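Read through the structure below, which is laid out as structure tokens, and then see the notes.
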Amino acid sequence: MSKYNKLPLTTLHSLLVNKEVSASQLVEDAISSMKEDPCFCFEVTCFEKARKQASKITEVKKEEFLKGIPFVCKDNFSHKGVKTTASSKILEDYVPLFDASVLQKLKKEGMILLAHTTMDELAMGGKGVSKNGITRNPYDLERIVGGSSSGSAASLALGMIPFALGSDTGDSIRLPASYTQTVGFKPTYGLISRYGLFPFAPSLDCVSYLTRNVLDASYMLSTLAFYDEKDFTCSHHKREKYQDYILQGRKKKRIGYLKEMLDNISSNTIREQFVSLLSVLEKRGYEIHSFSFGKELLENIYPCYMILSSAEALSNDATLDGIRFGPNRAKDARNYIEYMKKNRSIGFSSHIKKRFLLGSLSLDKNYRSTLFDYESKVRRLLVNRMEEFYQENDFLLMPSSFSAPEKIEDLNLNISSDRNFMNHLLTLANLGGYPSLTLPFMKEGNMPLGINITAPLYQDGYVFSLGQEIEDITKIKDCVVEVAR
Ligand code: GLN
């Protein structure tokens, strides 16, 4: 266990300012804990580069909030000069020529990148399956940590680093956060530049991240949310000092929950704890409202997400032809098509191929109207219903998951046909582009489980202030877990 990096960002910053610790010490502290990784958190490390950067930092000023602090990022951010594969064989030996805009920004702020974390291949999945193995849950090594930002969540929960970058297309930050008692935040779509983030489904993808507490998450958004002309989907909306919503106690009061969600929680403990949280919030002056969304509509979240995201993935990943990098095992191929076919056959796992099949089917001229076009309309209906929800409520509140993460021995990697909306509610935030925060909530047995707050577009600051209120109620924050060896 690290000595320092298990602490939150605000504490590390004060220690650095007061010279109670140096950037180099923080880096060594992180490296030594990362070397004892019990969960398979990392695809690649860049310790020497980090050591060099740290050695140049001799002092940290009060206004240099992030300077000298170590972090890790998911293996799908372009990182100049360091192998970056999105945990896929098709990107074997790919060394990017440029830094993603967020990496560039964090470097400029003086943060020190130590490693790329494991993920579901190309960010498609929620189980933590990389080309090199499965990431384990530090709370129970026999279970998955969830994904696709798997190593980011596990390494933060293990106290190795205080901040981890990831991405969220369907729930990929907020689900592993739920399973690891960490804070996971997906901002409003377009607020953080995606230049250099490997695309999965660009109408849904968001750069997202994990921290130890809600205040740290709010500070990080103030740094990461800047307009970037290199990302044409980057929003022009004004950026704010998001921590001020917490520090100045700026609040909105109307909390809504979905009636169908409450009716379908099978665990009594989870239902009781959720209801009791609602009543504490009510006592603190919040209004609590139930909202009937419509079961049939909710059951459409998953097919809608799968059809649209697979179609987008198919198009984006067409660039992964295996020519300049990749498994490169088709030397006997007679032409470009044959070479590409062979490399793509070897380079993608069967799970990815199934997603591509689904994507091609949904765009095929014979099926497009009943699949891609149909689901695009369903997306509109779901978002319209969310907008109706927001007429009456400022926030949507719900548990982030409703059962323990799967046991590794029970893993099934087929594309699920499970329309049970209880497993897909987090995806509503991606379909509408809404800001969405998961923070620690409770434990069922040994396993943690988070609570999720989602709000209308650009209400990120209010999400943090409600998150802070809930953190004050549960008093669960800054958690780290020690794995018994
Ligand atoms: N689990 C979802 C999927 O398999 C979400 C992935 C993500 O958010 N990157 O597609």
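All residue names refer to the structure tokens as shown: chains lettered A, B, ... in order, residues numbered from 1 in each chain, ligands numbered from 1 in order.
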For Met386 of chain A, list every protein, DNA or RNA residue within 9 Å, evaluated using only C-alpha atoms, and leave out those in the same chain fewer than 6 positions away; present the list as a compact mmCIF listing (two decimals) with N, CA, C and O atoms, in the first residue's frame.
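Here's the written file around12.txt:
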```txt
# COMPACT_ATOMS: atom_id res chain seq x y z
N PHE A 293 -41.48 6.37 -15.62
CA PHE A 293 -40.83 6.61 -16.92
C PHE A 293 -41.53 5.83 -18.04
O PHE A 293 -41.65 6.30 -19.16
N LEU A 428 -28.67 5.89 -19.80
CA LEU A 428 -29.53 7.04 -20.10
C LEU A 428 -28.70 8.33 -20.20
O LEU A 428 -28.96 9.19 -21.03
N GLY A 432 -28.40 10.88 -23.61
CA GLY A 432 -28.77 12.30 -23.58
C GLY A 432 -27.58 13.23 -23.42
O GLY A 432 -27.76 14.45 -23.46
N PRO A 456 -29.48 17.50 -15.88
CA PRO A 456 -29.55 18.03 -17.25
C PRO A 456 -28.18 18.53 -17.74
O PRO A 456 -27.27 18.77 -16.95
```
**Asked** Mind listing the residues within 7 Å of ligand 1, only C-alpha atoms and all ligand atoms counted, as a list in words?
**Response**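 Selection of residues at most 7 Å from ligand 1: Ala123, Met124, Gly125, Gly126, Gly147, Ser148, Ser167, Asp168, Thr169, Gly170, Asp171, Ser172, Ile173 and Met306 of chain A.
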Would you save the residues of that selection, restricted to all heavy atoms, as a PDB file, in the first residue's frame?
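Done, and the output landed in selection.pdb:
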```pdb
ATOM      1  N   ALA A 123     -12.630  -0.589 -25.520  1.00  0.00           N
ATOM      2  CA  ALA A 123     -13.661  -0.013 -24.629  1.00  0.00           C
ATOM      3  C   ALA A 123     -15.040  -0.628 -24.816  1.00  0.00           C
ATOM      4  O   ALA A 123     -16.024  -0.124 -24.302  1.00  0.00           O
ATOM      5  CB  ALA A 123     -13.737   1.518 -24.754  1.00  0.00           C
ATOM      6  N   MET A 124     -15.086  -1.741 -25.568  1.00  0.00           N
ATOM      7  CA  MET A 124     -16.389  -2.394 -25.758  1.00  0.00           C
ATOM      8  C   MET A 124     -16.517  -3.516 -24.744  1.00  0.00           C
ATOM      9  O   MET A 124     -15.903  -4.571 -24.890  1.00  0.00           O
ATOM     10  CB  MET A 124     -16.484  -2.973 -27.169  1.00  0.00           C
ATOM     11  CG  MET A 124     -16.643  -1.901 -28.225  1.00  0.00           C
ATOM     12  SD  MET A 124     -16.757  -2.644 -29.841  1.00  0.00           S
ATOM     13  CE  MET A 124     -15.463  -1.782 -30.703  1.00  0.00           C
ATOM     14  N   GLY A 125     -17.310  -3.283 -23.726  1.00  0.00           N
ATOM     15  CA  GLY A 125     -17.503  -4.306 -22.712  1.00  0.00           C
ATOM     16  C   GLY A 125     -17.569  -3.677 -21.339  1.00  0.00           C
ATOM     17  O   GLY A 125     -17.286  -2.484 -21.175  1.00  0.00           O
ATOM     18  N   GLY A 126     -17.939  -4.499 -20.356  1.00  0.00           N
ATOM     19  CA  GLY A 126     -18.052  -3.974 -18.999  1.00  0.00           C
ATOM     20  C   GLY A 126     -17.436  -4.929 -18.001  1.00  0.00           C
ATOM     21  O   GLY A 126     -17.736  -4.893 -16.818  1.00  0.00           O
ATOM     22  N   GLY A 147     -16.020  -2.682 -16.065  1.00  0.00           N
ATOM     23  CA  GLY A 147     -15.264  -1.953 -17.077  1.00  0.00           C
ATOM     24  C   GLY A 147     -16.171  -1.034 -17.859  1.00  0.00           C
ATOM     25  O   GLY A 147     -17.313  -0.855 -17.483  1.00  0.00           O
ATOM     26  N   SER A 148     -15.629  -0.440 -18.893  1.00  0.00           N
ATOM     27  CA  SER A 148     -14.349  -0.829 -19.450  1.00  0.00           C
ATOM     28  C   SER A 148     -13.154  -0.109 -18.830  1.00  0.00           C
ATOM     29  O   SER A 148     -12.015  -0.454 -19.108  1.00  0.00           O
ATOM     30  CB  SER A 148     -14.359  -0.586 -20.953  1.00  0.00           C
ATOM     31  OG  SER A 148     -14.596   0.781 -21.236  1.00  0.00           O
ATOM     32  N   SER A 167     -12.778   6.474 -19.855  1.00  0.00           N
ATOM     33  CA  SER A 167     -13.786   6.967 -20.796  1.00  0.00           C
ATOM     34  C   SER A 167     -15.104   6.278 -20.484  1.00  0.00           C
ATOM     35  O   SER A 167     -15.124   5.226 -19.834  1.00  0.00           O
ATOM     36  CB  SER A 167     -13.346   6.690 -22.229  1.00  0.00           C
ATOM     37  OG  SER A 167     -13.192   5.292 -22.412  1.00  0.00           O
ATOM     38  N   ASP A 168     -16.183   6.895 -20.930  1.00  0.00           N
ATOM     39  CA  ASP A 168     -17.511   6.364 -20.614  1.00  0.00           C
ATOM     40  C   ASP A 168     -18.413   6.545 -21.832  1.00  0.00           C
ATOM     41  O   ASP A 168     -18.702   7.669 -22.246  1.00  0.00           O
ATOM     42  CB  ASP A 168     -18.060   7.125 -19.393  1.00  0.00           C
ATOM     43  CG  ASP A 168     -19.329   6.517 -18.813  1.00  0.00           C
ATOM     44  OD1 ASP A 168     -20.223   6.173 -19.606  1.00  0.00           O
ATOM     45  OD2 ASP A 168     -19.429   6.421 -17.574  1.00  0.00           O
ATOM     46  N   THR A 169     -18.812   5.427 -22.423  1.00  0.00           N
ATOM     47  CA  THR A 169     -19.673   5.434 -23.604  1.00  0.00           C
ATOM     48  C   THR A 169     -21.069   4.932 -23.244  1.00  0.00           C
ATOM     49  O   THR A 169     -22.061   5.386 -23.806  1.00  0.00           O
ATOM     50  CB  THR A 169     -19.045   4.542 -24.701  1.00  0.00           C
ATOM     51  OG1 THR A 169     -17.725   5.014 -24.947  1.00  0.00           O
ATOM     52  CG2 THR A 169     -19.839   4.554 -25.994  1.00  0.00           C
ATOM     53  N   GLY A 170     -21.105   3.965 -22.288  1.00  0.00           N
ATOM     54  CA  GLY A 170     -22.388   3.412 -21.863  1.00  0.00           C
ATOM     55  C   GLY A 170     -22.537   3.441 -20.349  1.00  0.00           C
ATOM     56  O   GLY A 170     -23.648   3.527 -19.828  1.00  0.00           O
ATOM     57  N   ASP A 171     -21.415   3.337 -19.656  1.00  0.00           N
ATOM     58  CA  ASP A 171     -21.361   3.355 -18.185  1.00  0.00           C
ATOM     59  C   ASP A 171     -19.952   3.069 -17.671  1.00  0.00           C
ATOM     60  O   ASP A 171     -19.742   2.798 -16.481  1.00  0.00           O
ATOM     61  CB  ASP A 171     -22.338   2.336 -17.564  1.00  0.00           C
ATOM     62  CG  ASP A 171     -22.105   0.886 -18.002  1.00  0.00           C
ATOM     63  OD1 ASP A 171     -21.053   0.604 -18.592  1.00  0.00           O
ATOM     64  OD2 ASP A 171     -22.986   0.044 -17.728  1.00  0.00           O
ATOM     65  N   SER A 172     -18.967   3.120 -18.564  1.00  0.00           N
ATOM     66  CA  SER A 172     -17.652   2.550 -18.300  1.00  0.00           C
ATOM     67  C   SER A 172     -16.801   3.166 -17.192  1.00  0.00           C
ATOM     68  O   SER A 172     -15.814   2.572 -16.779  1.00  0.00           O
ATOM     69  CB  SER A 172     -16.822   2.542 -19.581  1.00  0.00           C
ATOM     70  OG  SER A 172     -17.129   1.389 -20.294  1.00  0.00           O
ATOM     71  N   ILE A 173     -17.169   4.352 -16.731  1.00  0.00           N
ATOM     72  CA  ILE A 173     -16.491   4.877 -15.547  1.00  0.00           C
ATOM     73  C   ILE A 173     -17.354   4.587 -14.338  1.00  0.00           C
ATOM     74  O   ILE A 173     -16.886   4.188 -13.269  1.00  0.00           O
ATOM     75  CB  ILE A 173     -16.278   6.406 -15.671  1.00  0.00           C
ATOM     76  CG1 ILE A 173     -14.970   6.730 -16.354  1.00  0.00           C
ATOM     77  CG2 ILE A 173     -16.349   7.121 -14.331  1.00  0.00           C
ATOM     78  CD1 ILE A 173     -13.705   6.451 -15.587  1.00  0.00           C
ATOM     79  N   MET A 306     -27.002  -0.696 -27.942  1.00  0.00           N
ATOM     80  CA  MET A 306     -26.165  -1.681 -28.634  1.00  0.00           C
ATOM     81  C   MET A 306     -26.172  -1.467 -30.148  1.00  0.00           C
ATOM     82  O   MET A 306     -25.127  -1.545 -30.791  1.00  0.00           O
ATOM     83  CB  MET A 306     -26.637  -3.117 -28.311  1.00  0.00           C
ATOM     84  CG  MET A 306     -26.173  -3.615 -26.978  1.00  0.00           C
ATOM     85  SD  MET A 306     -24.396  -3.464 -26.698  1.00  0.00           S
ATOM     86  CE  MET A 306     -23.770  -4.858 -27.617  1.00  0.00           C
TER      87      MET A 306
END
```
**Separation of atom CA of Phe274 of chain A from atom CA of Ile288 of chain A in Å** =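 Interatomic distance, atom CA of Ile288 of chain A to atom CA of Phe274 of chain A: 12.2 Å.
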Give me, as CSV, the closest atom pair and its distance (Å, one decimal) for every residue of segment 210-295 of chain A within a cut-off of 10 Å of segment 181-185 of chain A, counting only C-alpha atoms, rows sorted by chain and rising number.
```
residue,atom,partner,partner_atom,distance
A:Leu210,CA,A:Gly184,CA,4.4
A:Thr211,CA,A:Val183,CA,5.2
A:Arg212,CA,A:Thr182,CA,5.6
A:Asn213,CA,A:Val183,CA,5.8
A:Val214,CA,A:Val183,CA,6.6
A:Leu215,CA,A:Val183,CA,9.9
A:Asp216,CA,A:Val183,CA,9.1
A:Ala217,CA,A:Phe185,CA,7.1
A:Ser218,CA,A:Phe185,CA,9.2
A:Met220,CA,A:Phe185,CA,9.9
A:Leu221,CA,A:Phe185,CA,9.1
```
Mind writing the picked residues with N, CA and C atoms as a PDB file, in the first residue's frame?
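That gives us out24.pdb:
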```pdb
ATOM      1  N   LEU A 210     -11.808   9.069 -12.485  1.00  0.00           N
ATOM      2  CA  LEU A 210     -12.066   8.576 -11.131  1.00  0.00           C
ATOM      3  C   LEU A 210     -11.213   9.332 -10.114  1.00  0.00           C
ATOM      4  N   THR A 211     -11.831   9.617  -8.968  1.00  0.00           N
ATOM      5  CA  THR A 211     -11.101  10.258  -7.862  1.00  0.00           C
ATOM      6  C   THR A 211     -11.519   9.593  -6.557  1.00  0.00           C
ATOM      7  N   ARG A 212     -10.925  10.064  -5.448  1.00  0.00           N
ATOM      8  CA  ARG A 212     -11.256   9.480  -4.144  1.00  0.00           C
ATOM      9  C   ARG A 212     -12.461  10.124  -3.476  1.00  0.00           C
ATOM     10  N   ASN A 213     -12.761  11.351  -3.863  1.00  0.00           N
ATOM     11  CA  ASN A 213     -13.921  12.000  -3.256  1.00  0.00           C
ATOM     12  C   ASN A 213     -14.515  13.010  -4.251  1.00  0.00           C
ATOM     13  N   VAL A 214     -15.661  13.550  -3.877  1.00  0.00           N
ATOM     14  CA  VAL A 214     -16.409  14.394  -4.813  1.00  0.00           C
ATOM     15  C   VAL A 214     -15.709  15.740  -5.028  1.00  0.00           C
ATOM     16  N   LEU A 215     -15.131  16.293  -3.967  1.00  0.00           N
ATOM     17  CA  LEU A 215     -14.456  17.589  -4.131  1.00  0.00           C
ATOM     18  C   LEU A 215     -13.312  17.475  -5.154  1.00  0.00           C
ATOM     19  N   ASP A 216     -12.523  16.409  -5.050  1.00  0.00           N
ATOM     20  CA  ASP A 216     -11.449  16.194  -6.032  1.00  0.00           C
ATOM     21  C   ASP A 216     -12.024  16.128  -7.451  1.00  0.00           C
ATOM     22  N   ALA A 217     -13.163  15.461  -7.588  1.00  0.00           N
ATOM     23  CA  ALA A 217     -13.771  15.331  -8.923  1.00  0.00           C
ATOM     24  C   ALA A 217     -14.164  16.702  -9.459  1.00  0.00           C
ATOM     25  N   SER A 218     -14.649  17.575  -8.586  1.00  0.00           N
ATOM     26  CA  SER A 218     -15.075  18.902  -9.052  1.00  0.00           C
ATOM     27  C   SER A 218     -13.860  19.742  -9.464  1.00  0.00           C
ATOM     28  N   MET A 220     -11.084  18.558 -10.630  1.00  0.00           N
ATOM     29  CA  MET A 220     -10.536  18.015 -11.880  1.00  0.00           C
ATOM     30  C   MET A 220     -11.319  18.499 -13.090  1.00  0.00           C
ATOM     31  N   LEU A 221     -12.626  18.684 -12.937  1.00  0.00           N
ATOM     32  CA  LEU A 221     -13.380  19.163 -14.099  1.00  0.00           C
ATOM     33  C   LEU A 221     -12.970  20.585 -14.456  1.00  0.00           C
TER      34      LEU A 221
END
```
**Request:** Select from segment 265-300 of chain A everything DSSP, run on the backbone, classes as alpha helix (DSSP H), then give the selection as a PyMOL selection string.
**Result:** chain A and resi 268-283+295-298
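Distances here use only C-alpha atoms; by that measure, the residue among A:Glu482, A:Glu64, A:Glu92, A:Asp75 closest to Leu320 of chain A is A:Glu92.
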**Complete:** Shortest contact to Arg136 of chain A, candidates A:Tyr195, A:Tyr339, A:Phe42, A:Tyr209, atoms counted only C-alpha atoms, goes to A:Phe42
Listing only residues of segment 371-485 of chain A within 9 Å of segment 360-364 of chain A, what is the closest atom pair and its distance in Å (to one decimal) for each, using only C-alpha atoms, sorted by chain and residue number ascending, as a Markdown table?
```
| residue | atom | partner | partner_atom | distance |
| --- | --- | --- | --- | --- |
| A:Leu371 | CA | A:Ser362 | CA | 5.0 |
| A:Phe372 | CA | A:Ser362 | CA | 5.1 |
| A:Asp373 | CA | A:Ser362 | CA | 8.5 |
```
**Item:** Residue neighbourhood Leu262 of chain A, 9 Å, only C-alpha atoms, exclusion window fewer than 6 positions, as an MDAnalysis selection string
**Value:** chainID A and resid 271 274:275 398
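Checking A:Pro138, A:Tyr390, A:Lys354, A:Leu91 one by one against Thr319 of chain A, counting only C-alpha atoms, you find the shortest gap at A:Leu91.
As for atom CA of Phe232 of chain A and atom CA of Ser78 of chain A, they are spaced 17.3 Å apart.
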**Prompt:** Among segment 153-334 of chain A, which ones does DSSP place in strand (DSSP E), written as a list in words?
**Reply:**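 After running DSSP on the backbone, segment 153-334 of chain A has strand (DSSP E) at Ala164, Leu165, Gly166, Ser167, Asp168, Val183, Gly184, Phe185, Lys186, Cys206, Val207, Ser208, Tyr209, Leu210, Thr211, Arg254, Ile255, Gly256, Tyr257, Leu258, Glu287, Ile288, His289, Ser290 and Phe291 of chain A.
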